[in-house]
Amino acid sequence: MTLTYLDHAASTPMRPEAIDAMMPFLDGAYANPSGSHRFARQARKAVDESRDIVADVLGCGPNEVVFTGCGTESDNMAIVGALARSTGVAVCPADEHHAVLEVVEHHGGVIVGVDAAGRVDLEALAATLQDLETRSDGVAVVSVMTVNNEVGSVNDIAAVAKVVRRHAPGALLHTDAVQAPCWIDVREVTPHVDLLALSGHKFGGPKGVGVLVERGGPKVDPLIIGGGQERERRSGTHNVAGIVAMATALKLTDEERATEIPRITALRDALVDGLVGALDDVIETVPRHDKVAGSAHVCIAGIESESLLFLLDEADVCASAASACASGAMEPSHVLAAMGIDREIAMGALRLSLGHASTDDDVDRGLEAITAAVTRLRR
């Protein structure tokens, strides 16, 4: 079987270097880094060195890096922890990842609109913050993702920060940057925010490990307590192997970004242009200049995503319709709904995403399989 993997936004294949980096801590160096003996100190040294690497790539201090279990935990910690320190509310755009959107909704927060490309509406955000600041509760935290996980659109976080600092100066600004490291130098994002979340498996690291950057030291209450790890900010025994592998993958991603972006852009363009040329009524959801290189999200008229994905799976092509967290859902994506895309068109959504392991053959096989499947369904 030749697998064609076009689902990098859901999870990336682990980089071989990351696998090699983590193996010693799965086999030999298994001590708890919170211990006091020599064996434990070796593990703690590996965690500390990984923290230095992550801090360098993200443009922050090592003491600002908190290791977590995943991006969802980091997002939850940022928002719930901010609310715990304030009487204000949480605010986010309508197309955020569920790890942010559902937390804000659960805590009675406020949702603002986005434009047709899936970027936060800055005027709506400003008006919302002004309105909330006139109330006694005010705003505790604003969360705006750097790169949308479904359609790949990029928010101008510097511009978002200006709006937040002007209209809600007491609020913390959080960004879910989980989809960013492959496409954006996160050093250009970090200075504008108070809190930033990452997830290791989105850039060639392992699942089960993430990061929350708290700029300037502790900004929020911890979500997990009981052991005092991460300087009382995130209790629980460190996933040493995962942390080391994530740091290795992040460093490689940072080093290769400048050469990978044009390569993957060419693959993405060939994939989308091939679909548009071979099939009628293929709609590019977001203009290419407004999104990251790895995103090839389209809506295909006259079909339903569920049927298309079934046929693609039969052809050994991995793709999705929306966020992997929402796979299997019959309703159209909340992201597309927020962007104002017609429900009937959104039912034919296809999220194709490329990454460091993508090749010309993936594009060729994907084009062949998608064209054949759509043609079959339309008959």
# chains A, B, ... in the order shown; residues from 1 in each chain; ligands from 1
$ closest_atom_pairs --of "stretch 149-247 of chain A" --to "stretch 340-362 of chain A" --cutoff "12 Å" --atoms "only C-alpha atoms" --output "tab-separated table"
residue	atom	partner	partner_atom	distance
A:Asn149	CA	A:Arg351	CA	9.7
A:Glu150	CA	A:Arg351	CA	6.7
A:Val151	CA	A:Arg351	CA	7.3
A:Gly152	CA	A:Ser353	CA	8.9
A:Gln179	CA	A:Gly355	CA	11.0
A:Ala180	CA	A:Gly355	CA	11.9
A:Pro181	CA	A:Gly355	CA	11.3
A:Cys182	CA	A:Gly355	CA	7.9
A:Trp183	CA	A:Gly355	CA	9.7
A:His201	CA	A:Gly355	CA	11.9
A:Lys202	CA	A:Gly355	CA	9.3
A:Phe203	CA	A:His356	CA	8.1
A:Gly204	CA	A:His356	CA	8.0
A:Gly205	CA	A:His356	CA	11.7
$ atom_distance --atom1 "atom CA of A:Gly118" --atom2 "atom CA of A:Val163"
17.8 Å
$ closest_residue --among "A:Ala94, A:Ala322, A:Met14, A:Val213" --to "A:Leu309" --atoms "only C-alpha atoms"
A:Ala322
$ closest_residue --among "A:Ile370, A:Ala126, A:Ile157, A:Leu252" --to "A:Val298" --atoms "only C-alpha atoms"
A:Ile370
$ closest_atom_pairs --of "stretch 68-127 of chain A" --to "stretch 220-225 of chain A" --cutoff "10 Å" --atoms "only C-alpha atoms" --output "JSON lines"
{"residue": "A:Thr68", "atom": "CA", "partner": "A:Ile224", "partner_atom": "CA", "distance": 9.7}
{"residue": "A:Glu73", "atom": "CA", "partner": "A:Leu223", "partner_atom": "CA", "distance": 8.3}
{"residue": "A:Ser74", "atom": "CA", "partner": "A:Leu223", "partner_atom": "CA", "distance": 9.1}
{"residue": "A:Asn76", "atom": "CA", "partner": "A:Leu223", "partner_atom": "CA", "distance": 7.7}
{"residue": "A:Met77", "atom": "CA", "partner": "A:Leu223", "partner_atom": "CA", "distance": 5.3}
{"residue": "A:Ala78", "atom": "CA", "partner": "A:Val220", "partner_atom": "CA", "distance": 6.4}
{"residue": "A:Ile79", "atom": "CA", "partner": "A:Val220", "partner_atom": "CA", "distance": 8.1}
{"residue": "A:Val80", "atom": "CA", "partner": "A:Leu223", "partner_atom": "CA", "distance": 7.4}
{"residue": "A:Gly81", "atom": "CA", "partner": "A:Asp221", "partner_atom": "CA", "distance": 4.3}
{"residue": "A:Ala82", "atom": "CA", "partner": "A:Val220", "partner_atom": "CA", "distance": 4.8}
{"residue": "A:Leu83", "atom": "CA", "partner": "A:Val220", "partner_atom": "CA", "distance": 8.1}
{"residue": "A:Ala84", "atom": "CA", "partner": "A:Asp221", "partner_atom": "CA", "distance": 6.4}
{"residue": "A:Arg85", "atom": "CA", "partner": "A:Val220", "partner_atom": "CA", "distance": 6.7}
{"residue": "A:Ser86", "atom": "CA", "partner": "A:Val220", "partner_atom": "CA", "distance": 9.6}
$ write_last_selection --atoms "N, CA and C atoms" --output "PDB file, in the first residue's frame"
ATOM      1  N   THR A  68       3.541  21.458  28.734  1.00  0.00           N
ATOM      2  CA  THR A  68       2.206  20.925  29.016  1.00  0.00           C
ATOM      3  C   THR A  68       2.022  19.587  28.295  1.00  0.00           C
ATOM      4  N   GLU A  73      -4.493  21.603  26.190  1.00  0.00           N
ATOM      5  CA  GLU A  73      -4.244  21.937  27.590  1.00  0.00           C
ATOM      6  C   GLU A  73      -3.683  23.352  27.713  1.00  0.00           C
ATOM      7  N   SER A  74      -2.762  23.709  26.831  1.00  0.00           N
ATOM      8  CA  SER A  74      -2.173  25.045  26.877  1.00  0.00           C
ATOM      9  C   SER A  74      -3.234  26.123  26.677  1.00  0.00           C
ATOM     10  N   ASN A  76      -6.495  25.826  27.217  1.00  0.00           N
ATOM     11  CA  ASN A  76      -7.377  25.820  28.386  1.00  0.00           C
ATOM     12  C   ASN A  76      -6.733  26.516  29.576  1.00  0.00           C
ATOM     13  N   MET A  77      -5.459  26.239  29.789  1.00  0.00           N
ATOM     14  CA  MET A  77      -4.751  26.852  30.907  1.00  0.00           C
ATOM     15  C   MET A  77      -4.710  28.362  30.760  1.00  0.00           C
ATOM     16  N   ALA A  78      -4.467  28.830  29.532  1.00  0.00           N
ATOM     17  CA  ALA A  78      -4.388  30.270  29.296  1.00  0.00           C
ATOM     18  C   ALA A  78      -5.707  30.959  29.618  1.00  0.00           C
ATOM     19  N   ILE A  79      -6.808  30.419  29.131  1.00  0.00           N
ATOM     20  CA  ILE A  79      -8.105  31.086  29.276  1.00  0.00           C
ATOM     21  C   ILE A  79      -8.699  30.877  30.662  1.00  0.00           C
ATOM     22  N   VAL A  80      -8.754  29.633  31.113  1.00  0.00           N
ATOM     23  CA  VAL A  80      -9.311  29.353  32.436  1.00  0.00           C
ATOM     24  C   VAL A  80      -8.448  30.000  33.515  1.00  0.00           C
ATOM     25  N   GLY A  81      -7.123  29.925  33.340  1.00  0.00           N
ATOM     26  CA  GLY A  81      -6.222  30.520  34.327  1.00  0.00           C
ATOM     27  C   GLY A  81      -6.314  32.026  34.383  1.00  0.00           C
ATOM     28  N   ALA A  82      -6.562  32.656  33.231  1.00  0.00           N
ATOM     29  CA  ALA A  82      -6.743  34.108  33.206  1.00  0.00           C
ATOM     30  C   ALA A  82      -8.047  34.507  33.880  1.00  0.00           C
ATOM     31  N   LEU A  83      -9.105  33.754  33.603  1.00  0.00           N
ATOM     32  CA  LEU A  83     -10.406  34.045  34.215  1.00  0.00           C
ATOM     33  C   LEU A  83     -10.361  33.884  35.734  1.00  0.00           C
ATOM     34  N   ALA A  84      -9.526  32.950  36.199  1.00  0.00           N
ATOM     35  CA  ALA A  84      -9.427  32.717  37.635  1.00  0.00           C
ATOM     36  C   ALA A  84      -8.830  33.903  38.375  1.00  0.00           C
ATOM     37  N   ARG A  85      -8.092  34.734  37.654  1.00  0.00           N
ATOM     38  CA  ARG A  85      -7.435  35.893  38.278  1.00  0.00           C
ATOM     39  C   ARG A  85      -8.188  37.196  38.026  1.00  0.00           C
ATOM     40  N   SER A  86      -9.343  37.130  37.431  1.00  0.00           N
ATOM     41  CA  SER A  86     -10.041  38.348  37.034  1.00  0.00           C
ATOM     42  C   SER A  86     -11.549  38.170  37.156  1.00  0.00           C
TER      43      SER A  86
END
$ residues_around --residues "A:Val147" --least-positions-apart "4" --cutoff "12 Å" --atoms "only C-alpha atoms" --output "VMD selection string"
chain A and resid 9 95 to 97 117 to 120 151 to 157 175 to 184 186 189 197 to 198 290 to 295
$ decode --residues "stretch 198-305 of chain A" --atoms "C-alpha atoms" --output "tab-separated table (two decimals), in the first residue's frame"
chain	number	residue	atom	x	y	z
A	198	LEU	CA	2.07	25.19	20.81
A	199	SER	CA	1.63	21.45	20.24
A	200	GLY	CA	4.54	19.14	19.39
A	201	HIS	CA	2.84	16.90	16.85
A	202	LYS	CA	2.02	19.76	14.46
A	203	PHE	CA	5.66	20.22	13.38
A	204	GLY	CA	7.21	16.77	13.40
A	205	GLY	CA	7.31	16.13	17.14
A	206	PRO	CA	5.37	13.57	19.18
A	207	LYS	CA	1.80	13.71	20.41
A	208	GLY	CA	1.19	14.32	24.09
A	209	VAL	CA	3.46	17.32	24.64
A	210	GLY	CA	2.86	21.05	24.27
A	211	VAL	CA	4.00	24.48	25.40
A	212	LEU	CA	2.43	27.52	26.99
A	213	VAL	CA	4.57	30.66	26.93
A	214	GLU	CA	3.80	33.04	29.79
A	215	ARG	CA	5.67	36.21	28.95
A	216	GLY	CA	7.07	38.08	31.91
A	217	GLY	CA	6.50	35.16	34.26
A	218	PRO	CA	3.29	33.66	35.66
A	219	LYS	CA	0.24	35.32	34.11
A	220	VAL	CA	-2.48	32.80	34.90
A	221	ASP	CA	-3.47	30.34	37.61
A	222	PRO	CA	-2.34	26.76	36.99
A	223	LEU	CA	-4.83	24.32	35.53
A	224	ILE	CA	-3.16	21.24	37.07
A	225	ILE	CA	-1.86	21.38	40.65
A	226	GLY	CA	-0.41	18.89	43.09
A	227	GLY	CA	3.24	18.31	42.33
A	228	GLY	CA	4.76	21.73	41.86
A	229	GLN	CA	6.57	20.99	38.59
A	230	GLU	CA	7.24	23.76	36.07
A	231	ARG	CA	7.81	26.22	38.93
A	232	GLU	CA	4.30	25.59	40.34
A	233	ARG	CA	2.71	26.40	36.96
A	234	ARG	CA	1.92	22.89	35.68
A	235	SER	CA	2.12	19.93	38.03
A	236	GLY	CA	2.74	16.40	36.83
A	237	THR	CA	5.79	14.30	36.05
A	238	HIS	CA	7.59	15.61	32.99
A	239	ASN	CA	7.29	13.72	29.71
A	240	VAL	CA	11.04	13.86	29.22
A	241	ALA	CA	11.14	11.88	25.98
A	242	GLY	CA	8.35	13.96	24.48
A	243	ILE	CA	9.87	17.26	25.56
A	244	VAL	CA	13.28	16.40	24.10
A	245	ALA	CA	11.73	15.19	20.83
A	246	MET	CA	9.51	18.27	20.55
A	247	ALA	CA	12.46	20.62	21.06
A	248	THR	CA	14.43	18.75	18.40
A	249	ALA	CA	11.56	18.96	15.90
A	250	LEU	CA	10.95	22.65	16.63
A	251	LYS	CA	14.61	23.52	16.09
A	252	LEU	CA	14.68	21.68	12.75
A	253	THR	CA	11.42	23.31	11.67
A	254	ASP	CA	12.87	26.72	12.43
A	255	GLU	CA	16.09	25.99	10.54
A	256	GLU	CA	14.35	24.62	7.44
A	257	ARG	CA	11.40	27.03	7.22
A	258	ALA	CA	12.98	29.39	4.67
A	259	THR	CA	13.59	26.59	2.17
A	260	GLU	CA	10.47	24.55	2.95
A	261	ILE	CA	7.94	27.32	2.37
A	262	PRO	CA	8.68	27.82	-1.35
A	263	ARG	CA	8.86	24.06	-1.90
A	264	ILE	CA	5.53	23.41	-0.22
A	265	THR	CA	3.94	26.46	-1.83
A	266	ALA	CA	4.74	24.97	-5.23
A	267	LEU	CA	3.20	21.64	-4.19
A	268	ARG	CA	0.08	23.33	-2.82
A	269	ASP	CA	-0.36	25.41	-5.96
A	270	ALA	CA	0.03	22.33	-8.17
A	271	LEU	CA	-2.56	20.48	-6.10
A	272	VAL	CA	-5.18	23.25	-6.12
A	273	ASP	CA	-4.56	24.27	-9.73
A	274	GLY	CA	-4.86	20.62	-10.73
A	275	LEU	CA	-8.22	20.27	-8.99
A	276	VAL	CA	-9.56	23.51	-10.45
A	277	GLY	CA	-8.40	22.46	-13.91
A	278	ALA	CA	-9.82	18.95	-13.74
A	279	LEU	CA	-13.15	19.61	-12.03
A	280	ASP	CA	-15.92	22.16	-12.32
A	281	ASP	CA	-17.07	24.21	-9.35
A	282	VAL	CA	-14.01	23.86	-7.11
A	283	ILE	CA	-13.83	26.89	-4.82
A	284	GLU	CA	-10.64	27.95	-3.06
A	285	THR	CA	-11.92	28.80	0.39
A	286	VAL	CA	-9.27	31.42	1.21
A	287	PRO	CA	-7.09	33.33	-1.30
A	288	ARG	CA	-3.56	31.96	-1.32
A	289	HIS	CA	-1.97	35.26	-0.29
A	290	ASP	CA	-4.06	35.23	2.90
A	291	LYS	CA	-3.07	31.78	4.12
A	292	VAL	CA	-0.05	29.60	4.88
A	293	ALA	CA	1.75	27.54	2.27
A	294	GLY	CA	0.57	24.18	3.54
A	295	SER	CA	-3.15	24.87	3.29
A	296	ALA	CA	-5.09	23.68	0.24
A	297	HIS	CA	-8.62	23.93	1.61
A	298	VAL	CA	-11.35	23.83	-1.05
A	299	CYS	CA	-15.12	23.42	-1.29
A	300	ILE	CA	-16.39	21.19	-4.09
A	301	ALA	CA	-19.94	21.79	-5.23
A	302	GLY	CA	-22.35	18.92	-5.82
A	303	ILE	CA	-20.88	16.46	-3.32
A	304	GLU	CA	-20.84	15.81	0.41
A	305	SER	CA	-17.57	15.63	2.31
